[in-house]
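Peer 1: Dumping the structure here so I can ask a few things about it.
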Amino acid sequence: MTMNQRIEQCVRCLYKTNHPFGLTLDKNGVCSGCLVHEEKDLLDWKMRLGMLKNLTDSYKLKQSKNYDCIVPVSGGQDSFFIVHTVIHELGLNPLLVNFNRNFNSAVGIKNLSQLRTIFPADFRQFTINPIISRKVIRTTLANLGTINWLWIAGQTSLPVRIADELKIPLIIWGAHQGIEQVGMYSHTDEVEMTSRYRKEHDLMGIDEKEIFKFDPDFNPNDISSLTYPSDDQIIKNGTRGIYLSNYLRWDPVQQHTFVKDKYGYIGRKTNRTYYDFDNPDCPVYNGLQDYLKFMRLGYAKVTDQLVRDIRHKRIDKESAKRIESEYLNKAPDSLKGFADWLGISVKNFGPLMLSLDSNFLEQLLSGDWRSEINELDKPNLNHIDSVYKFIDSDFKNFGKGI
Ligand SMILES: [Zn+2]
């Protein structure tokens with residue numbers, strides 16, 4: 001959409017036409033996300049589960065001497081649900097793959113070690129050099145206003161790289177966010193993973209080849225681990241990535257209840273979200289990263305949670321609006337801890353982000369919440385070091401409420 005088009009809100013949910021994934025309204029003002037969501041109550045999900053089984057069975061036969069598929073995991077609730085489905089519903093033998101983001105919450109570490117312990121599957125993890133990790137995150141923070149780019153780049157390329165390396169052609173993902181949030185496709189399109197979607201939507205238009213333009217001193221070898229295999233490699237290996245949300249009626253709230261009761265999954269309450277189960281593995285996703293998203297786009301994780309509940313008819317729009325307004329401006333509880341990890345002072349967040357819009361910076365650095373942040377304990381660096389090695393640790397000082 002162009003700058004001078006009017007931004008409108010869907011008549012049913014809280015999303016607006018400036019949603020970064022692209023959202024359209026029909027003649028009644030209902031958004032594409034709400035319309036595609038209606039399919040969840042119309043499709044024959046039993047039949048679609050049968051389609052999924054047929055698809056994955058063909059890989060089981062082909063791959064009898066190898067893993068049947070790769071499942072990317074983070075330690076969030078969907079990881080538990082996906083691995084449960086893949087092993088116990090589809091009868092596959094997956095290789096679980098994790099891209100370590102380097103800074104993890106204690107809850108996330110616990111969940112991931114629980115996942116590795118209770119499911120009968122091999123696990124492989126990749127940890128990028130923490131010095132390079134900091135450098136890349138500073139660059140994306142300064143130029144794209146996001147902390148999350150590196151992790152997304154890594155966790156979307158690593159499974160495809162391992163698929164190529166080990167000749168395992170099938171990757172199984174959970175939800176397709178473009179369908180879940182904005183109805184980019186119908187569930188019946190059965191869209192699969194593409195490098196184009198990864199670049200345009202997951203990575204905000206800047207992939208690992210283009211990140212160098214922000215800092216010519218980057219050494220390509222430093223981030224070679226983020227390289228997404230070429231189309232030729234992907235075709236040669238027959239790699240495809242499918243989304244379970246096209247075959248199962250996707251409802252993260254229901255899934256959470258299930259994995260909490262069955263597998264002891266734990267959430268982590270933050271002060272900017274009202275559900276505790278979304279992304280508890282990252283100490284800043286629902287805090288600082290979410291505040292940056294709000295500044296950049298005018299909505300936040302709480303909006304995503306409320307839209308989901310409106311569409312699943314768990315809340316009405318007016319109540320959702322009220323709750324959203326209570327959360328949007330809340331102080332992120334992770335700024336100080338994250339600034340320490342990144343190796344910059346809170347006051348230098350401003351200069352670091354000079355290339356961004358000045359109003360954005362002013363809003364980020366002003367406000368009462370700054371005093372709250374200053375009261376945070378200093379993170380214990382020994383604990384942070386132990387997280388690099390990814391052993392279980394008491395990481396309580398990294399942001400409040402972990
Ligand atoms: Zn809508």
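Ordering of the structure tokens sets the chain letters (A, B, ...), residue numbers begin anew at 1 in every chain, and ligands are numbered from 1 in the order given.
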Taking only C-alpha atoms and all ligand atoms into account, report as a list of chain:residue names which residues have an atom no farther than 9 Å from an atom of ligand 1.
Peer 2: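 For ligand 1, the residues inside 9 Å are A:Gln9, A:Cys10, A:Val11, A:Arg12, A:Cys13, A:Leu14, A:Tyr15, A:Lys16, A:Leu23, A:Leu25, A:Gly29, A:Val30, A:Cys31, A:Ser32, A:Gly33, A:Cys34, A:Leu35, A:Gln181, A:Val182, A:Val307, A:Ile310, A:Arg311.
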Peer 1: When you look at A:Pro252 with a cut-off of 9 Å (counting only C-alpha atoms), what residues show up, excluding the ones that are within fewer than 6 positions of it in the same chain? I need them as a PyMOL selection string.
Peer 2: chain A and resi 77-78+278+308
Peer 1: Can you pull out the residues contacting A:Pro94? Cut-off 7 Å, using only C-alpha atoms, and skip same-chain residues under 6 positions away; I want them as an MDAnalysis selection string.
Peer 2: chainID A and resid 67:71 121
Peer 1: Could you save the residues just selected, with N, CA and C atoms, as an mmCIF file, in the first residue's frame?
Peer 2:
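File written: result_31.cif
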data_model
loop_
_atom_site.group_PDB
_atom_site.id
_atom_site.type_symbol
_atom_site.label_atom_id
_atom_site.label_comp_id
_atom_site.auth_asym_id
_atom_site.auth_seq_id
_atom_site.Cartn_x
_atom_site.Cartn_y
_atom_site.Cartn_z
ATOM 1 N N TYR A 67 16.190 -40.068 9.053
ATOM 2 C CA TYR A 67 15.064 -39.388 9.690
ATOM 3 C C TYR A 67 13.984 -39.197 8.638
ATOM 4 N N ASP A 68 12.729 -39.236 9.088
ATOM 5 C CA ASP A 68 11.637 -39.042 8.126
ATOM 6 C C ASP A 68 11.472 -37.566 7.765
ATOM 7 N N CYS A 69 11.801 -36.706 8.715
ATOM 8 C CA CYS A 69 11.576 -35.281 8.481
ATOM 9 C C CYS A 69 12.368 -34.461 9.499
ATOM 10 N N ILE A 70 12.385 -33.153 9.254
ATOM 11 C CA ILE A 70 13.005 -32.213 10.196
ATOM 12 C C ILE A 70 11.900 -31.374 10.824
ATOM 13 N N VAL A 71 11.986 -31.179 12.132
ATOM 14 C CA VAL A 71 11.043 -30.281 12.801
ATOM 15 C C VAL A 71 11.825 -29.186 13.517
ATOM 16 N N ALA A 121 13.138 -38.439 20.225
ATOM 17 C CA ALA A 121 13.667 -37.911 18.960
ATOM 18 C C ALA A 121 15.069 -37.360 19.180
#
Peer 1: Going by DSSP on the backbone, which residues of stretch 207-271 of chain A come out as helix (DSSP H, G or I)? List them as a ChimeraX atom specification.
Peer 2: /A:211-214,220-226,231-237,244-246,252-263
Peer 1: Name all residues at most 12 Å from A:Pro220 (count only C-alpha atoms; drop same-chain ones fewer than 6 positions away) and give them as a PyMOL selection string.
Peer 2: chain A and resi 132+136+208-213+226-227
Peer 1: Could you take the residues named above and write them with C-alpha atoms, as an mmCIF file, in the first residue's frame?
Peer 2:
data_model
loop_
_atom_site.group_PDB
_atom_site.id
_atom_site.type_symbol
_atom_site.label_atom_id
_atom_site.label_comp_id
_atom_site.auth_asym_id
_atom_site.auth_seq_id
_atom_site.Cartn_x
_atom_site.Cartn_y
_atom_site.Cartn_z
ATOM 1 C CA ILE A 132 28.741 -11.931 15.821
ATOM 2 C CA VAL A 136 24.166 -8.438 13.759
ATOM 3 C CA GLU A 208 21.434 -12.435 4.750
ATOM 4 C CA LYS A 209 22.879 -11.313 1.391
ATOM 5 C CA GLU A 210 21.562 -7.792 1.858
ATOM 6 C CA ILE A 211 22.428 -7.220 5.484
ATOM 7 C CA PHE A 212 25.921 -6.184 4.359
ATOM 8 C CA LYS A 213 24.591 -2.941 2.934
ATOM 9 C CA LEU A 226 22.513 -18.008 7.830
ATOM 10 C CA THR A 227 22.844 -18.808 4.134
#
Peer 1: Ranking A:Pro229, A:Val73, A:Leu248, A:Gly205 by minimum distance to A:Glu89 and counting only C-alpha atoms, which one comes first?
Peer 2: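 Selected residue with least distance to A:Glu89: A:Leu248.
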Peer 1: Enumerate as number ranges by chain all residues of stretch 229-281 of chain A assigned to strand (DSSP E or B) by DSSP on the backbone, naming them with the chain letters and numbers the document uses.
Peer 2: A: 240-243
Peer 1: Just want the 12 Å neighbourhood of A:Met184, counted on only C-alpha atoms, with same-chain residues fewer than 5 positions away dropped. Output as a VMD selection string.
Peer 2: chain A and resid 19 to 24 31 to 37 176 to 179 189 to 191 197 201
Peer 1: Measure the distance from atom CA of A:Lys167 to atom CA of A:Leu96 in Å and round it to one decimal.
Peer 2: 14.8 Å
Peer 1: So which one's closest to A:Leu328, A:Ala300, A:Leu244, A:Met193, A:Ile315? Using only C-alpha atoms, please.
Peer 2: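 The answer is A:Ala300, which sits nearest to A:Leu328.
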Peer 1: Name the closest residue to A:Leu342 among the candidates A:Lys262, A:Lys53, A:Arg134, A:His88; distances are taken between atoms, counting only C-alpha atoms.
Peer 2: A:Arg134
Peer 1: How many Å separate atom CA of A:Val284 from atom CA of A:Leu297?
Peer 2: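 Interatomic distance, atom CA of A:Val284 to atom CA of A:Leu297: 17.3 Å.
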Peer 1: Go ahead and compute the interatomic distance for atom CA of A:Ser58 and atom CA of A:Thr239, in Å to one decimal.
Peer 2: 13.8 Å
Peer 1: Go through A:Asn98, A:Gly241, A:Ile223, A:Thr194 and flag the residue nearest A:Asn129, using only C-alpha atoms for the distances.
Peer 2: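 Using only C-alpha atoms, A:Asn129 sits closest to A:Ile223.
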Peer 1: My list of candidates is A:Leu150, A:Ala320, A:Gln155, A:Tyr263. Which is closest to A:Arg116 when distances are computed with only C-alpha atoms?
Peer 2: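 Looking at the shortest contact to A:Arg116, the residue is A:Tyr263.
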Peer 1: Can you list, as a PDB file with N, CA and C atoms, in the first residue's frame, every protein, DNA or RNA residue that comes within 6 Å of A:Ser105 when you count only C-alpha atoms, leaving out same-chain residues fewer than 4 positions away?
Peer 2:
ATOM      1  N   ASP A 281      10.150 -18.313  25.428  1.00  0.00           N
ATOM      2  CA  ASP A 281      11.567 -18.681  25.324  1.00  0.00           C
ATOM      3  C   ASP A 281      12.461 -17.470  25.083  1.00  0.00           C
ATOM      4  N   CYS A 282      11.901 -16.407  24.526  1.00  0.00           N
ATOM      5  CA  CYS A 282      12.712 -15.208  24.277  1.00  0.00           C
ATOM      6  C   CYS A 282      12.428 -14.172  25.359  1.00  0.00           C
ATOM      7  N   PRO A 283      13.485 -13.678  26.039  1.00  0.00           N
ATOM      8  CA  PRO A 283      13.235 -12.723  27.124  1.00  0.00           C
ATOM      9  C   PRO A 283      12.796 -11.331  26.653  1.00  0.00           C
TER      10      PRO A 283
END
